[in-house]
Every structure is written in structure tokens, then in C-alpha cells.
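Participant: Submitted below is the structure of interest, expressed as C-alpha cells.
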Amino acid sequence: MAGVIDLVSSDDEENPGTQEGDKTPLVAEPLVSLTPGGSVDGSGGGGSSSLFHSSSGGVKNGNPEGGANGWIPKGKGTIRAADDGRSSFRDPDVCRHFWRAGDYNAPAPRRQRPAQGSMDHVRVHPKFLHSNATSHKWALGAIAELLDNAIDEIENGATYVRVDKITNPRDGNPALLIQDDGGGMGPEGIRQCMSLGYSRKNTNTTIGQYGNGFKTSTMRLGADVIVFTRNSSGRVATQSIGLLSYTFLRKAGHEDIVVPMLDYQLSASGREPTVLVRSNMDDWLSNLATLMRWSPYASEVELLKQFNDIGWHGTKVIVFNLWLNDDGILELDFDSDEHDIQLRVGSKDKPGKQVNLPTQLTQEHIVNRYRLSLRAYASILYLQMPPQFQIILRNLPVEHHSIAMDLKFCEYIVYKPQIGGNKDPINKETSVITTIGFTKEAPMVNVHGFNVYHKNRLIMPFWKVFQDNSSRGRGVVGVLEANFIEPAHDKQDFERTTVFLRLEARLKAMTIEYWNLHCHLIGYQSSADKRNRKTMLQVEIPVAIPAAVAATSSHPLSSHLPVIANQNKPQMVTSLSPSTSDSSSQGEQLPDHSSSVATNLKKINGSLSQQQHPGMPFVPASGGTLRATSNSGRVSSSNGRVTEGILEQNITLRAKCKEYEKREKDWEEKVAALERELAEHKVKYSLLQEQMRLVQAVRDNEDEVNTTQERFTMEERIPKLESEMEE
């Protein structure tokens, strides 16, 4: 067809509009009626738009009877009411709020009988464009889909993708531009792009795979999108224009999704495009009239001007009639930052004027900025930015931000997921390296979660696999690339399979394990340390009590302190607190002598300072509880012994480290000495070479002198020999 593609029947092999032997399977009826004078009737034409084509417009072929002004159709075209895909319903206004744009009552579709010999097919109503786009809950995620398309074009030579705000020349409202210099699309490629479910991206390196991202993303951002693409990879260079317009379909009352398209063939110079007709010229002009009526550009000349900055290959996508938010203003904010595109924040979500430092750091962290800023989101969107490729956001390149580089006290953990059951013949084993650590601002910011990538593309940013009301897991951030699970259609989540649930459980355990082992590095006390401290407070600690003090009958503690018969064997005192309740675990309860206990404790402290247990200094605790603290931090519990062993190993490792550092220094000195010696030998070698050259030159001179003398001698002897021969 000349450019109108019916998404219902674009892949129907038995489409009645396809003639036998025709190589252009996409055929549809004209959208409008054409009058002999070149005017357009009906909703597709929108009044009397002129269809004359001058040579400057680029139309070179057509009916020769059209004269100098170009091709003009003969007679008045007709449309069959049963096949034009429209009804008498006309919706005057399309709601500009995305989440309410699909709330309208469409009339019952007309019954259409299939042509003889053809099969029935499922019809797709324009409302499906909106319902299909609701898979994107987040507008920046929809823009990321269009960035993915440009990234996939790297294999076709793409070096940049440009995202910018432009002005709709028809109404002056902002529009969104996404342009790349990839391979572009030919006439068949753009029709597959506009259709549902087509995807040529079946390699392991491309991000797209479902053939639905372009439709869902563009319809999520605005009601209409126009595509300009140029391709020079085939036998001939072509350029095409396609319009997917929810506004057009709604206001024209279409019951099926139709997309007007234009195709051109480029000359060798690329300056004079000629019309490329797929079915007939009436269809081509019908599509042109629809584009001039519903696109931002009101003439063919303006449409063709959009190819001026594309080059020989590339694609330009313009999303216009952008959606509004609940406050009636544009959902995308182009004004707050001239080099960024942001989502507007509601008044209730705006931060207060006065915030403390941790709150400020948390608000400025990438985990909060990426939700509202396209620049922040694009900086972490790809695990590794492809070389020689740039994302240019509003005339300023996006700097790649590596989340893993922001972590401190990193560990690298290998995770081997099991894909498929043990008896599954396609059971595969793979390994994934997970980088885990504390964010560099920890513990000041309350940030945690895993950033899960798929084929280099961020799917789940800061996924909170561990939820706890306490501070456990605070600041723990991880990064991994999980190519063994499939993402959802909006690329903001994964399919909830068994493999995914196993990964979630493993990452949760990984978070807890890392926190327990490393939380002390950022100032927190691990649960093991807390248990050790509790055990240390409850354990019986040897304290030497002077016999003279214990034997004094008038001492208020004499009936509760054991008398030490042998000073070398201190007894066990569990507690001296008058408020203890459990005698089995914290000692017996003391009588209420609070007035004299403090005075006598000072006396006991003075006596014990001379007889304390070796390595166990006496420390009175608050509240009247006595406890002992070891110089080395040792406690009489199993956890204490483990800690002691770790400390000893740490000391041993530090000693080895110092030894290795000393050896390394020695080796460096030896290497430096050898390098100096080598330099000296090189100098000597150069001198010897120069001497040899001089000696050789002297020898050559001596040989030359000898040869000259021999020649003179022979010359003198020749006359004598001649005279002798004559005689």
C-alpha cells in the first residue's frame, strides 16, 4: 500500500486487498475522497488542503497529464463505507490526561463480512493503543525504551542518540524529540515498527525483543507520534514518514488502527527525493493529506525538511500532544533545568525548606534523583556505556555513573543459579558476580537495595529485597547482571518465575550476611557483638575481694560477699546491684543499704586495685553493677573465643603483610640496582661499539694504503717487464 497500514491485517496472508502475485502485502483503501481540483474531502483531508506538488516539493513521477504543477488525480475518488474503518462517531475532544484518555464510550463496531475466500481476523480498536501503553507506570521508563532502540542500532553504526525539547509549529506546544544516527528503516522496516508484535531483534546483544516497546512508550508520553527515517543499506536509498496518532483515530472515528505513511526514493545526491508508490497514487496522496492535517507540519515541503539533519541514515521520532498531569500542566518538566527533562513533583512531595544533613544527603542521592530526572536515570541506565556512543540530553552529553564505583568495603560474591530442574534436559548453570558494599555516604543516608541489570540494561534499580524495621541492612547496595531471567514488557521488573524467587531469597541472605560481618565498619554493632555484650554482663566474673573487708561483720556487704581464704584464687561475684531480680542469673538480692553502699564501694575499689586478677582491671558499672573488662576484649563465652581467634588471625595476617611489604621494598631496591647496573653496561657497550667502529675504519685505511702501494709498484715493474720481453 502507499502508506496506510492496518495493524489488524498487516500480517494476514489472506488479506483481500492483496492481489495474487503482488509483492506489497500491505494494502488498504484510501482514507479520504479526492476532488479533481486537488482538494480533500472528509476527516482525512480536513477541508481544502492543496495537493499540488511542485518540483521543489520533491514529487517527480505521476500522471504525465498533471502538467507542470505535478500530478492531479482524475475524477473523484470514492470510499466504500464498509471498508474505510470509520464510523459516524466523532469525538470532539481527546482527554489530555493519560490515565483518563481511554475513558470514553466507543460505539459498537460495524459488522464486516470477510471477502469471499478470506479468513476472519481479529480487529484492534484504537483504545488498545492507550490500554497497551498503561504497562508503563513511569514516564521516564517510557523514554528509556526509546533510548534502548538507539542502543540496539549501534551494530548498524549508531554513535549517538539525541533527546531534546522542540516546539510544535502547528500550536506552539512543546514536543519531545528522540533522534539517532543508526541504520534507519526502509519501507518494510517502518511498517513492522508501527505494527504490533514485530521484532527483528533476536540476538543476544540487543535489548528489545517483544516488538511492542515503540508503541507503548510513545503512546505513554503523548497522544501522537511521527517518525522520519532514512535508510541506505538496500539497493536504493529510501526515506519514509509514518504517523501513529491517537488523536486522529479518535476524532476521525476509526474503529481500527490505521497509520498513514509516505515513502520516497533518494537520488544519488540525496537532494531530490521521488515518490515511491506501493499501490497507487490515490492512496499516496490520501496519506499525504492525512499527514498534513494531523501532524505538526502542514505541507509536504515542511515534512521533507525534517530529513535535513538526519544524514544518509538515521531515525527521528517526534512525540507531540504530550500528556498532562493531574494539575493540568505537562507531565514532563522542560523548564526546571535547561539540560534535563524531569517529572513534575506535586506540592505534597516537595521537600521542606529546612532539612538536616542526613536528609539532604538522602535527597541528593542517585536513588532519589533518578525517579524525577532523566539525566540521573540515563547515567545509570546501562551497566557499561558502549564505547564511541553518547546520550545527548538537551545539547549536553550524559556522563555515565557506575553505582559499583560508589561503594566502599566491597565484596564480590559468585552466585550460581540453577536454571530448570535437575531432570530438565535444558538445565543450564551459569555464574553471576555480585558486587556488594556500603554506599560511600553510609551511614548518613538511608539507602539500600540491589541494582539488577539485564543485557547491560538496568531493570530494577535499588531493589529492596530486605525489609526490616531496624537499621539492619542500612547502606548495603549491590550490583549484578542477571541475564538468566527475563524482564517484563515495561523493563521495570522481571517475570515472577521460580528462578527469580530463588534470586530474591539469595540476595536477601547476602544482605544479612554482609551486614553482620561488616556493619561495625560504619559504626553499627552487629548482632553477634550485642550477644557477646549481653553474655559479658551476665557471666560470672572473677573479682578478688579482700578477706579483711569480707570478714568485717559491720560491713553492709559482708553477708553477701564470699570470703576469700586464698588470695591467689579469687572467688566469683555476679552482681552488687541492690535492684537485681533474678538471683540465678545476676546474683542474690542485696539489702537496701543505698546510703552506705556507694561509700563502701569506693573502699572496695581501693582494695581491689591492688589485688585484681591479672589482665582483668576492675571497672565499676553504672547502677551499682560491677563488671570486668579485659584489655584484649576477651569474654568467657564461645562468641568471645571466636572473636579472640579472629583477632589473633588478624594479628598474624598483619605481621605477614608487613613482612611482605618489607620483601616488596627489598625487591624494589634490587630492581632499581639492577636497572642502574644495566644502564651502566649499556653505556659501556656503546663505547665499545664506537671503539670497534674506529678500529675498523683504521684497518680499512691501512688496506687501502697497501693496495695503492702495490699498484704503484706494479706500474714501475711493467716497463721493465716489457723491455725484457722485447729483448
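In the C-alpha cells, chains take the letters A, B, ... in the order shown, each chain's residues start at 1, and ligands count up from 1 in the order shown.
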Determine, counting only C-alpha atoms, which protein, DNA and RNA residues have an atom within 7 Å of an atom of A:His339; residues of the same chain fewer than 5 positions away are not included. Present the result as a ChimeraX atom specification.
Facilitator: /A:393-396
Participant: Do a neighbour search on A:Pro487 at 12 Å with only C-alpha atoms, toss out local chain neighbours closer than 3 positions, and write the hits as a PyMOL selection string.
Facilitator: chain A and resi 207-210+452-455+457-460+481-484+490-497+500
Participant: Kindly export the residues of the current selection with C-alpha atoms, as a compact mmCIF listing (two decimals), in the first residue's frame.
Facilitator:
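Saved the output as part-v3.txt:
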# COMPACT_ATOMS: atom_id res chain seq x y z
CA ILE A 207 17.75 -5.17 24.41
CA GLY A 208 14.43 -5.13 22.57
CA GLN A 209 12.72 -8.43 21.92
CA TYR A 210 8.93 -8.14 22.16
CA VAL A 452 19.78 -5.69 38.73
CA TYR A 453 20.75 -5.34 35.06
CA HIS A 454 19.75 -7.49 32.10
CA LYS A 455 21.88 -7.42 28.95
CA ARG A 457 20.20 -2.53 30.79
CA LEU A 458 19.03 -1.55 34.29
CA ILE A 459 15.75 -3.30 35.06
CA MET A 460 15.31 -2.97 38.83
CA GLU A 481 23.74 -8.54 35.76
CA ALA A 482 21.09 -11.26 35.66
CA ASN A 483 20.83 -12.46 32.08
CA PHE A 484 19.31 -15.78 33.18
CA ASP A 490 7.94 -2.44 30.54
CA LYS A 491 11.53 -3.39 31.51
CA GLN A 492 10.96 -2.22 35.08
CA ASP A 493 10.59 -5.67 36.62
CA PHE A 494 11.25 -9.34 35.98
CA GLU A 495 8.90 -12.20 35.33
CA ARG A 496 7.99 -13.82 38.65
CA THR A 497 9.44 -17.24 37.93
CA PHE A 500 13.59 -15.10 40.14
Participant: For stretch 366-456 of chain A versus stretch 355-360 of chain A, which residues have an atom no more than 9 Å away, and what is each residue's nearest atom pair and distance in Å rounded to one decimal, using only C-alpha atoms, chain-then-number order, as CSV?
Facilitator:
residue,atom,partner,partner_atom,distance
A:Pro443,CA,A:Pro358,CA,8.8
A:Met444,CA,A:Pro358,CA,5.1
A:Val445,CA,A:Pro358,CA,5.6
A:Asn446,CA,A:Pro358,CA,8.1
Participant: With C-alpha atoms retained, could you export that selection as a PDB file, in the first residue's frame?
Facilitator:
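So the final result, stored in result-v9.pdb, reads:
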ATOM      1  CA  PRO A 443      25.679   5.561  57.476  1.00  0.00           C
ATOM      2  CA  MET A 444      24.453   9.108  56.826  1.00  0.00           C
ATOM      3  CA  VAL A 445      21.961   8.115  54.114  1.00  0.00           C
ATOM      4  CA  ASN A 446      19.193   5.567  54.396  1.00  0.00           C
TER       5      ASN A 446
END
Participant: So what do you get for atom CA of A:Leu196 versus atom CA of A:Ala289, distance-wise?
Facilitator: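 That distance, rounded to one decimal, is 24.6 Å.
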Participant: Would you please extract all alpha helix (DSSP H) residues from stretch 218-294 of chain A, as assigned by DSSP on the backbone, and give them as a list in words?
Facilitator: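 Output for stretch 218-294 of chain A, alpha helix (DSSP H) only: Thr218, Met219, Arg220, Leu221, Tyr246, Thr247, Phe248, Leu249, Arg250, Lys251, Met281, Asp282, Asp283, Trp284, Leu285, Ser286, Asn287, Leu288, Ala289, Thr290, Leu291, Met292, Arg293 and Trp294 of chain A.
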Participant: Using DSSP assignments from the backbone, pull out every residue in stretch 295-537 of chain A that falls under strand (DSSP E or B) and give it to me as a PyMOL selection string.
Facilitator: chain A and resi 314-322+324+330+332-333+342-343+373+382+390-393+396-397+407-415+418-419+428-429+432-439+449-454+457-463+476-481+487+494
Participant: For A:Val398, which residue among A:Arg235, A:Arg293, A:Arg162, A:His97 is the nearest when counting only C-alpha atoms?
Facilitator: A:Arg162
